[in-house]
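Printed here is data.csv (CSV, C-alpha atoms and all ligand atoms):
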```csv
chain,number,residue,atom,x,y,z
O,1,MET,CA,-3.1,-10.6,-21.5
O,2,ILE,CA,-1.4,-7.8,-19.8
O,3,ARG,CA,-1.0,-8.3,-16.0
O,4,HIS,CA,-1.6,-4.9,-14.4
O,5,PHE,CA,-1.5,-4.5,-10.6
O,6,LEU,CA,-4.3,-2.0,-10.0
O,7,ASP,CA,-6.2,-3.3,-7.0
O,8,ILE,CA,-6.3,-6.3,-4.7
O,9,PRO,CA,-9.8,-7.6,-5.7
O,10,GLU,CA,-8.5,-8.2,-9.3
O,11,LEU,CA,-5.9,-10.7,-8.2
O,12,SER,CA,-6.7,-14.2,-7.1
O,13,SER,CA,-5.9,-15.3,-3.5
O,14,THR,CA,-3.4,-17.7,-5.0
O,15,ASP,CA,-1.5,-15.0,-6.8
O,16,LEU,CA,-1.6,-12.7,-3.8
O,17,HIS,CA,-0.2,-15.4,-1.5
O,18,ALA,CA,2.4,-16.2,-4.2
O,19,ILE,CA,3.6,-12.6,-4.2
O,20,LEU,CA,4.1,-12.7,-0.4
O,21,ALA,CA,5.8,-16.1,-0.5
O,22,ASP,CA,8.2,-14.9,-3.3
O,23,ALA,CA,8.9,-11.6,-1.4
O,24,LYS,CA,9.8,-13.6,1.7
O,25,LEU,CA,12.2,-15.8,-0.3
O,26,GLY,CA,13.7,-12.9,-2.2
O,27,LYS,CA,14.3,-11.0,1.0
O,28,GLN,CA,16.2,-14.0,2.5
O,29,ALA,CA,18.2,-14.7,-0.6
O,30,ARG,CA,19.6,-11.1,-0.7
O,31,LYS,CA,20.8,-11.1,3.0
O,32,GLY,CA,24.3,-9.6,3.1
O,33,LEU,CA,24.4,-8.2,-0.4
O,34,PRO,CA,24.9,-4.4,-0.9
O,35,LYS,CA,21.5,-2.8,-1.5
O,36,GLY,CA,22.5,-1.7,-5.0
O,37,ALA,CA,23.8,-5.1,-6.1
O,38,VAL,CA,21.7,-6.9,-8.7
O,39,ASP,CA,20.1,-10.2,-7.6
O,40,PRO,CA,22.3,-13.3,-8.2
O,41,GLU,CA,19.7,-14.5,-10.7
O,42,PRO,CA,17.9,-11.3,-11.8
O,43,ALA,CA,14.3,-11.9,-12.9
O,44,LEU,CA,13.8,-8.9,-15.1
O,45,PRO,CA,17.0,-8.0,-16.9
O,46,GLY,CA,16.7,-5.0,-19.2
O,47,ILE,CA,13.2,-4.0,-18.1
O,48,MET,CA,12.6,-0.3,-17.9
O,49,LEU,CA,10.0,1.0,-15.4
O,50,ALA,CA,8.7,4.6,-15.7
O,51,MET,CA,7.1,6.1,-12.6
O,52,ILE,CA,4.7,9.0,-12.9
O,53,PHE,CA,4.0,10.9,-9.7
O,54,GLU,CA,1.2,13.4,-9.3
O,55,LYS,CA,1.9,13.5,-5.6
O,56,SER,CA,4.9,13.3,-3.3
O,57,SER,CA,6.6,10.0,-2.4
O,58,THR,CA,9.6,8.7,-0.5
O,59,ARG,CA,9.0,5.0,0.0
O,60,THR,CA,7.1,4.1,-3.1
O,61,ARG,CA,9.5,5.9,-5.3
O,62,VAL,CA,12.7,4.7,-3.8
O,63,SER,CA,11.6,1.1,-3.1
O,64,PHE,CA,10.4,0.6,-6.7
O,65,ASP,CA,13.6,2.2,-8.1
O,66,MET,CA,15.7,-0.2,-6.0
O,67,ALA,CA,13.4,-3.1,-6.7
O,68,ILE,CA,13.7,-2.8,-10.5
O,69,ARG,CA,17.5,-2.3,-10.2
O,70,GLN,CA,17.9,-5.4,-8.1
O,71,LEU,CA,15.8,-7.3,-10.6
O,72,GLY,CA,18.2,-6.3,-13.3
O,73,GLY,CA,16.2,-3.5,-14.9
O,74,SER,CA,16.1,0.3,-14.5
O,75,SER,CA,13.7,3.1,-13.8
O,76,MET,CA,12.9,6.7,-14.6
O,77,VAL,CA,10.9,9.0,-12.4
O,78,LEU,CA,8.5,11.5,-14.1
O,79,SER,CA,6.8,14.2,-12.2
O,80,ALA,CA,3.4,14.7,-13.8
O,81,ALA,CA,3.9,18.4,-13.6
O,82,ASP,CA,7.1,18.4,-15.6
O,83,THR,CA,5.6,16.3,-18.5
O,84,GLN,CA,3.0,17.2,-21.0
O,85,LEU,CA,0.4,15.6,-18.7
O,86,GLY,CA,0.8,18.6,-16.5
O,87,ARG,CA,-0.2,20.8,-19.6
O,88,GLY,CA,-3.2,18.8,-20.4
O,89,GLU,CA,-2.0,16.0,-22.7
O,90,SER,CA,-4.5,13.2,-22.2
O,91,VAL,CA,-3.8,10.1,-20.2
O,92,PRO,CA,-4.8,7.8,-23.1
O,93,ASP,CA,-2.2,9.5,-25.4
O,94,THR,CA,0.4,9.4,-22.7
O,95,ALA,CA,-0.3,5.7,-22.1
O,96,ARG,CA,0.1,4.9,-25.8
O,97,VAL,CA,3.3,6.9,-26.2
O,98,LEU,CA,5.0,5.6,-23.0
O,99,SER,CA,4.1,2.1,-24.1
O,100,ARG,CA,6.4,2.6,-27.1
O,101,TYR,CA,9.4,3.5,-24.9
O,102,VAL,CA,9.2,1.6,-21.6
O,103,ASP,CA,8.2,-1.8,-20.4
O,104,ALA,CA,6.1,-1.0,-17.3
O,105,LEU,CA,4.5,2.0,-15.7
O,106,LEU,CA,3.8,2.9,-12.1
O,107,MET,CA,1.4,5.7,-11.4
O,108,ARG,CA,0.6,7.7,-8.3
O,109,THR,CA,-2.5,9.8,-9.1
O,110,ASN,CA,-4.9,12.2,-7.6
O,111,THR,CA,-7.8,10.5,-9.1
O,112,HIS,CA,-8.2,6.7,-9.4
O,113,ALA,CA,-9.9,7.3,-12.9
O,114,SER,CA,-6.5,8.4,-14.3
O,115,LEU,CA,-4.9,5.2,-13.2
O,116,LEU,CA,-7.7,3.1,-14.8
O,117,ALA,CA,-7.4,5.2,-18.0
O,118,MET,CA,-3.7,4.6,-18.1
O,119,ALA,CA,-4.2,0.9,-17.8
O,120,GLU,CA,-6.9,0.8,-20.4
O,121,HIS,CA,-4.8,2.5,-23.0
O,122,ALA,CA,-1.3,1.1,-22.2
O,123,ASP,CA,0.1,-2.0,-23.9
O,124,ILE,CA,2.3,-2.6,-20.9
O,125,PRO,CA,1.7,-3.5,-17.2
O,126,VAL,CA,0.5,-0.5,-15.1
O,127,ILE,CA,1.0,-0.5,-11.3
O,128,ASN,CA,-1.1,1.5,-8.7
O,129,GLY,CA,1.4,3.5,-6.7
O,130,LEU,CA,-1.4,5.0,-4.6
O,131,THR,CA,-4.5,6.8,-5.7
O,132,ASP,CA,-7.3,8.7,-3.7
O,133,ARG,CA,-9.0,5.3,-3.6
O,134,SER,CA,-6.4,2.7,-2.7
O,135,HIS,CA,-2.8,1.8,-2.0
O,136,PRO,CA,-2.5,-2.0,-2.7
O,137,CYS,CA,1.4,-2.2,-2.8
O,138,GLN,CA,1.4,-0.8,0.8
O,139,ILE,CA,-1.0,-3.4,2.1
O,140,LEU,CA,1.0,-6.4,0.7
O,141,ALA,CA,4.1,-5.0,2.5
O,142,ASP,CA,2.1,-4.7,5.7
O,143,LEU,CA,0.8,-8.3,5.4
O,144,LEU,CA,4.4,-9.6,4.7
O,145,THR,CA,5.4,-7.8,7.9
O,146,LEU,CA,2.6,-9.4,9.9
O,147,GLN,CA,3.4,-12.9,8.5
O,148,GLU,CA,7.0,-12.4,9.7
O,149,HIS,CA,6.1,-11.2,13.2
O,150,LYS,CA,2.7,-12.8,13.9
O,151,GLY,CA,2.4,-15.8,11.6
O,152,GLU,CA,-0.7,-17.0,9.8
O,153,LEU,CA,-2.8,-14.0,8.7
O,154,SER,CA,-6.2,-15.8,8.9
O,155,ARG,CA,-5.7,-16.1,12.7
O,156,LEU,CA,-5.3,-12.4,13.2
O,157,LYS,CA,-7.6,-9.6,14.1
O,158,LEU,CA,-6.5,-6.2,12.7
O,159,ALA,CA,-7.9,-2.9,13.9
O,160,TRP,CA,-7.7,0.2,11.7
O,161,VAL,CA,-8.2,3.4,13.8
O,162,GLY,CA,-8.7,6.9,12.4
O,163,ASP,CA,-9.6,8.1,8.8
O,164,GLY,CA,-11.4,5.5,6.6
O,165,ASN,CA,-9.1,6.5,3.7
O,166,ASN,CA,-7.4,4.9,0.7
O,167,VAL,CA,-5.1,2.7,2.8
O,168,ALA,CA,-8.1,1.5,4.8
O,169,SER,CA,-9.9,0.6,1.5
O,170,SER,CA,-6.9,-1.6,0.5
O,171,PHE,CA,-7.1,-3.4,3.9
O,172,LEU,CA,-10.8,-4.0,3.2
O,173,HIS,CA,-9.9,-5.4,-0.2
O,174,ALA,CA,-7.3,-7.7,1.3
O,175,ALA,CA,-9.5,-9.0,4.2
O,176,PRO,CA,-11.5,-11.6,2.2
O,177,LYS,CA,-8.4,-12.7,0.2
O,178,PHE,CA,-6.3,-13.4,3.3
O,179,GLY,CA,-9.0,-14.3,5.8
O,180,PHE,CA,-8.0,-11.9,8.6
O,181,ALA,CA,-10.6,-10.2,10.7
O,182,LEU,CA,-10.7,-6.4,10.4
O,183,THR,CA,-12.4,-3.8,12.6
O,184,LEU,CA,-12.3,-0.1,11.6
O,185,GLY,CA,-12.8,2.5,14.2
O,186,CYS,CA,-13.6,5.8,12.4
O,187,PRO,CA,-15.7,8.9,13.1
O,188,GLN,CA,-19.0,9.1,11.1
O,189,ASN,CA,-17.7,11.8,8.8
O,190,PHE,CA,-14.6,9.8,7.9
O,191,ALA,CA,-16.1,6.4,7.7
O,192,PRO,CA,-14.5,3.8,5.3
O,193,ASN,CA,-15.9,3.5,1.8
O,194,SER,CA,-19.2,1.8,2.1
O,195,ASP,CA,-18.9,-0.1,-1.2
O,196,ASP,CA,-15.6,-1.6,0.0
O,197,VAL,CA,-17.1,-2.6,3.3
O,198,GLY,CA,-20.1,-4.2,1.6
O,199,HIS,CA,-17.9,-6.1,-0.9
O,200,ALA,CA,-15.6,-7.4,1.8
O,201,ILE,CA,-18.5,-8.6,3.8
O,202,ASN,CA,-20.2,-10.2,0.8
O,203,ALA,CA,-17.0,-11.9,0.0
O,204,GLY,CA,-17.1,-13.5,3.4
O,205,ALA,CA,-14.6,-11.3,5.3
O,206,LYS,CA,-15.0,-10.7,9.0
O,207,VAL,CA,-15.3,-6.9,8.9
O,208,HIS,CA,-16.8,-4.6,11.4
O,209,VAL,CA,-17.1,-0.8,11.5
O,210,THR,CA,-17.5,1.2,14.7
O,211,THR,CA,-17.1,4.8,15.7
O,212,ASP,CA,-15.5,3.8,19.0
O,213,PRO,CA,-11.7,3.4,18.8
O,214,ASN,CA,-11.6,1.3,22.1
O,215,GLN,CA,-14.1,-1.1,20.7
O,216,ALA,CA,-12.2,-1.3,17.4
O,217,VAL,CA,-8.9,-2.3,19.1
O,218,ALA,CA,-10.5,-4.7,21.7
O,219,ASP,CA,-8.8,-8.1,21.3
O,220,ALA,CA,-6.7,-6.9,18.3
O,221,ASP,CA,-3.4,-8.5,17.3
O,222,VAL,CA,-2.5,-5.5,15.2
O,223,VAL,CA,-3.4,-1.8,15.5
O,224,ILE,CA,-3.0,0.4,12.4
O,225,ALA,CA,-3.0,4.1,12.0
O,226,ASP,CA,-2.5,6.5,9.1
O,227,THR,CA,-2.3,10.2,8.7
O,228,PHE,CA,-5.4,12.2,9.5
O,229,VAL,CA,-4.8,14.4,6.5
O,230,SER,CA,-4.0,12.5,3.3
O,231,MET,CA,-2.4,14.1,0.2
O,232,GLY,CA,-5.2,16.0,-1.6
O,233,ASP,CA,-7.4,16.5,1.5
O,234,ALA,CA,-8.5,20.1,1.7
O,235,ASP,CA,-10.3,20.0,5.1
O,236,ALA,CA,-7.3,19.7,7.4
O,237,LYS,CA,-8.7,21.7,10.2
O,238,GLN,CA,-12.0,19.7,10.5
O,239,ARG,CA,-10.1,16.4,10.2
O,240,LEU,CA,-7.7,17.2,13.0
O,241,THR,CA,-10.6,18.2,15.2
O,242,LEU,CA,-12.8,15.2,14.5
O,243,LEU,CA,-10.1,12.6,14.3
O,244,GLY,CA,-8.2,13.8,17.4
O,245,PRO,CA,-9.9,11.3,19.7
O,246,TYR,CA,-8.7,8.5,17.4
O,247,GLN,CA,-5.0,9.0,18.2
O,248,VAL,CA,-3.3,5.7,18.8
O,249,ASN,CA,-1.5,6.2,22.1
O,250,ALA,CA,-0.4,4.0,25.0
O,251,ALA,CA,-3.9,4.0,26.5
O,252,LEU,CA,-5.5,2.8,23.3
O,253,MET,CA,-2.8,0.2,22.7
O,254,SER,CA,-3.5,-1.1,26.2
O,255,ALA,CA,-7.0,-2.0,25.1
O,256,ALA,CA,-5.6,-4.3,22.4
O,257,LYS,CA,-4.0,-7.7,23.1
O,258,LYS,CA,-0.9,-7.5,25.3
O,259,ASP,CA,1.3,-8.6,22.4
O,260,ALA,CA,-0.3,-6.4,19.8
O,261,VAL,CA,1.9,-4.8,17.2
O,262,PHE,CA,1.5,-1.3,15.6
O,263,LEU,CA,1.7,-0.5,11.9
O,264,HIS,CA,1.7,2.8,10.0
O,265,CYS,CA,2.5,3.1,6.3
O,266,LEU,CA,4.3,6.4,6.9
O,267,PRO,CA,4.8,9.3,6.7
O,268,ALA,CA,3.7,9.7,10.3
O,269,HIS,CA,2.7,12.8,12.4
O,270,ARG,CA,3.7,12.2,16.0
O,271,GLY,CA,1.2,13.8,18.3
O,272,GLU,CA,-1.6,13.6,15.7
O,273,GLU,CA,-2.7,10.1,14.6
O,274,VAL,CA,-0.1,8.4,16.8
O,275,SER,CA,1.9,9.2,19.9
O,276,ALA,CA,5.7,9.2,19.8
O,277,ALA,CA,5.7,6.6,22.6
O,278,VAL,CA,3.8,4.1,20.4
O,279,ILE,CA,5.4,4.6,17.0
O,280,ASP,CA,8.9,4.7,18.6
O,281,GLY,CA,8.1,2.0,21.1
O,282,PRO,CA,8.6,-1.7,21.3
O,283,GLN,CA,5.3,-2.7,19.7
O,284,SER,CA,6.0,-0.7,16.5
O,285,LEU,CA,7.0,-2.5,13.3
O,286,VAL,CA,6.9,0.6,11.1
O,287,PHE,CA,10.5,0.4,9.8
O,288,ASP,CA,10.3,-3.4,9.0
O,289,GLU,CA,7.0,-2.4,7.3
O,290,ALA,CA,8.8,0.3,5.3
O,291,GLU,CA,11.7,-2.1,4.4
O,292,ASN,CA,9.2,-4.7,3.2
O,293,ARG,CA,7.9,-2.3,0.5
O,294,LEU,CA,11.1,-3.1,-1.4
O,295,HIS,CA,10.8,-6.9,-1.1
O,296,VAL,CA,7.1,-6.8,-2.1
O,297,GLN,CA,7.5,-4.4,-5.0
O,298,LYS,CA,10.0,-6.8,-6.5
O,299,SER,CA,7.5,-9.6,-6.4
O,300,ILE,CA,4.7,-7.4,-7.7
O,301,LEU,CA,7.0,-6.5,-10.7
O,302,LYS,CA,7.7,-10.2,-11.2
O,303,TYR,CA,4.0,-11.0,-11.1
O,304,CYS,CA,3.3,-8.3,-13.8
O,305,PHE,CA,5.8,-10.0,-16.1
O,306,GLY,CA,4.5,-13.5,-15.4
O,307,LYS,CA,7.6,-14.5,-13.4
O,308,LEU,CA,5.8,-15.9,-10.4
O,401,LIG,N1,3.8,4.7,2.5
O,401,LIG,C1,4.1,5.3,1.3
O,401,LIG,O1,3.5,5.0,0.3
O,401,LIG,O2,5.0,6.3,1.4
O,401,LIG,P1,5.4,7.3,0.3
O,401,LIG,O3,4.3,8.3,0.2
O,401,LIG,O4,6.7,8.0,0.8
O,401,LIG,O5,5.6,6.7,-1.0
O,402,LIG,N1,-3.3,8.1,3.2
O,402,LIG,C1,-2.1,8.6,2.9
O,402,LIG,C2,-1.0,7.6,2.6
O,402,LIG,C3,0.3,8.1,2.2
O,402,LIG,C4,1.3,7.0,1.9
O,402,LIG,C5,-2.2,9.6,1.7
O,402,LIG,O1,-3.0,9.2,0.7
O,402,LIG,O2,-1.6,10.7,1.7
```

When written as structure tokens, how does the structure in this file appear?
Amino acid sequence: MIRHFLDIPELSSTDLHAILADAKLGKQARKGLPKGAVDPEPALPGIMLAMIFEKSSTRTRVSFDMAIRQLGGSSMVLSAADTQLGRGESVPDTARVLSRYVDALLMRTNTHASLLAMAEHADIPVINGLTDRSHPCQILADLLTLQEHKGELSRLKLAWVGDGNNVASSFLHAAPKFGFALTLGCPQNFAPNSDDVGHAINAGAKVHVTTDPNQAVADADVVIADTFVSMGDADAKQRLTLLGPYQVNAALMSAAKKDAVFLHCLPAHRGEEVSAAVIDGPQSLVFDEAENRLHVQKSILKYCFGKL
């Protein structure tokens, strides 16, 4: 059976923990090597990864490119607009054709349905590089960062503040798998996906939703923000107005635990969802978080090829 990496609920808790454990080991094992050097015992020699982007990317694109190189493989980046996809060739036909040329596909899509169609028709592993619905690769990097800085995840309380967006959904997907408590403080208009909230609670996760950002961060070990205007959002003006009171700033951080840390998947907008003092301050882990994308992508790729 092909091992796709589409969304966190499809993986077992054991596999998810194995990905994080492998990423931690892989990160340690490479200390001191130049970033472009292949791993001493490369896990995926000769593997070719194609990455299709319908939206912009810095971290996902570069971390997956470096990940597959370090594993002994290579990658090509395809902008959807420059391929026949951009002229209307179907996703199923693209999936069938690319499956004849390359060994794995990563896709960043405007609509989650395109990712699912790609996975349905490809004969090779397909990885979710962000859709309008979710961003699972990001959340595993975030959780690795929290393991490194805060230890056992099931003892932590995470607070998501702002837009209940695709990244928030992936945190909801992860909550029952890793056992952390999660409170989301979002305005009514930008509440998290209710199906994701329901599934997380039914799966036994300690999840709460509030419209009060102070209540969300009370007692939190981790405060998390993301952009108020995601790629593809057309209502920027309304978002900036309604989400303004949800900025993570020093006052809001002081309502969390004293030793709370701050995460943001980046790119960030200082002065909107987070103040410069917080994201550039001592509680911020955002660049460790960005680095961990690389280490986690490698383990996700290994998982897809049955190497974990
Ligand atoms: N966090 C993240 O996915 O960044 P990019 O959009 O730069 O890939
Ligand atoms: N929520 C953001 C995340 C970017 C990495 C977006 O979808 O644009």

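Candidate residues O:Ala191, O:Leu140, O:Arg239, O:Ser57 were compared for distance to ligand LIG 402 (chain O), and the nearest is O:Ser57, using only C-alpha atoms and all ligand atoms.
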
_List as number ranges by chain the protein and nucleic acid residues lying within 6 Å of ligand LIG 401 (chain O), with all atoms listed in the file counted._
O: 57-61, 265-266

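Take the candidates O:Pro245, O:Asp196, O:Phe171, O:Ala268 and check each one against Gln138 (chain O) using only C-alpha atoms; the shortest distance goes to O:Phe171.
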
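Candidate residues O:Val126, O:Lys55, O:Leu106, O:Leu11 were compared for distance to Ser75 (chain O), and the nearest is O:Leu106, using all atoms listed in the file.
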
*For each of O:Gly88, O:Gly306, O:Gly164, O:Gly204, take the minimum atom-to-atom distance to ligand LIG 402 (chain O), counting only C-alpha atoms and all ligand atoms, then give the residue where this is smallest.*
O:Gly164

*Around ligand LIG 402 (chain O), at most 10 Å away and counting all atoms listed in the file, which residues are there? Put them as JSON, numbers by chain, please.*
{"O": [55, 56, 57, 58, 59, 60, 108, 109, 110, 129, 130, 131, 132, 133, 134, 135, 138, 163, 164, 165, 166, 167, 168, 225, 226, 227, 228, 229, 230, 231, 232, 233, 264, 265, 266, 267, 268]}

*For Lys27 (chain O), which residue among O:Glu291, O:Gly73, O:Glu272, O:Ile300 is the nearest when counting all atoms listed in the file?*
O:Glu291

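Our summary of the geometry notes that CA of Asp221 (chain O) is positioned 6.9 Å from CA of Asp259 (chain O).
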
_Given all atoms listed in the file as the counted atoms, nearest of O:Ala236, O:Ile224, O:Cys186, O:Val38 to His208 (chain O)_ = O:Cys186

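When CA of Gly162 (chain O) is paired with CA of Asn292 (chain O), their separation reads 23.2 Å.
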
*Distance query Ala175 (chain O) at most 8 Å, only C-alpha atoms, self and fewer than 6 positions along chain excluded, as a ChimeraX atom specification*: /O:181-182,200,205-207

_Contact residues around region 12-25 of chain O with all atoms listed in the file at 7 Å, ignoring same-chain residues under 2 positions, as a list in words_ = Glu10, Lys27, Gln28, Ala29, Leu144, Lys177, His295, Val296, Ser299 and Ile300 of chain O

Only C-alpha atoms, please: the residues just picked out, written as a PDB file, in the coordinates of the input.
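Writing done, so here's result11.pdb:
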```pdb
ATOM      1  CA  GLU O  10      -8.500  -8.200  -9.300  1.00  0.00           C
ATOM      2  CA  LYS O  27      14.300 -11.000   1.000  1.00  0.00           C
ATOM      3  CA  GLN O  28      16.200 -14.000   2.500  1.00  0.00           C
ATOM      4  CA  ALA O  29      18.200 -14.700  -0.600  1.00  0.00           C
ATOM      5  CA  LEU O 144       4.400  -9.600   4.700  1.00  0.00           C
ATOM      6  CA  LYS O 177      -8.400 -12.700   0.200  1.00  0.00           C
ATOM      7  CA  HIS O 295      10.800  -6.900  -1.100  1.00  0.00           C
ATOM      8  CA  VAL O 296       7.100  -6.800  -2.100  1.00  0.00           C
ATOM      9  CA  SER O 299       7.500  -9.600  -6.400  1.00  0.00           C
ATOM     10  CA  ILE O 300       4.700  -7.400  -7.700  1.00  0.00           C
TER      11      ILE O 300
END
```

*Skipping near chain neighbours, those fewer than 4 positions away, what residues fall within 10 Å of Ser284 (chain O) using only C-alpha atoms, listed as an MDAnalysis selection string?*
chainID O and resid 222:224 260:264 277:280 288:289

_Spatial sel., origin (-12.7, -4.9, -3.5), limit 6 Å, all atoms listed in the file, listed as a list in words_ = Pro9, His173, Asp196 and His199 of chain O

Output C-alpha atoms for every residue in that selection, as a short mmCIF file (atom, residue, chain, number, x, y, z; two decimals), keeping the file's coordinate frame.
```
data_model
loop_
_atom_site.label_atom_id
_atom_site.label_comp_id
_atom_site.auth_asym_id
_atom_site.auth_seq_id
_atom_site.Cartn_x
_atom_site.Cartn_y
_atom_site.Cartn_z
CA PRO O 9 -9.80 -7.60 -5.70
CA HIS O 173 -9.90 -5.40 -0.20
CA ASP O 196 -15.60 -1.60 0.00
CA HIS O 199 -17.90 -6.10 -0.90
#
```

*Near Ala251 (chain O), within 12 Å and counting all atoms listed in the file, which residues show up once chain neighbours fewer than 4 positions away are dropped, as a ChimeraX atom specification?*
/O:213-214,217-218,245-247,255-256,258,274-275,277-278

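Excluding Leu184 (chain O) itself and any same-chain residue fewer than 5 positions from it, the protein and nucleic acid residues within 6 Å of it, counting all atoms listed in the file, are Ala159, Trp160, Val161, Val209 and Ala216 of chain O.
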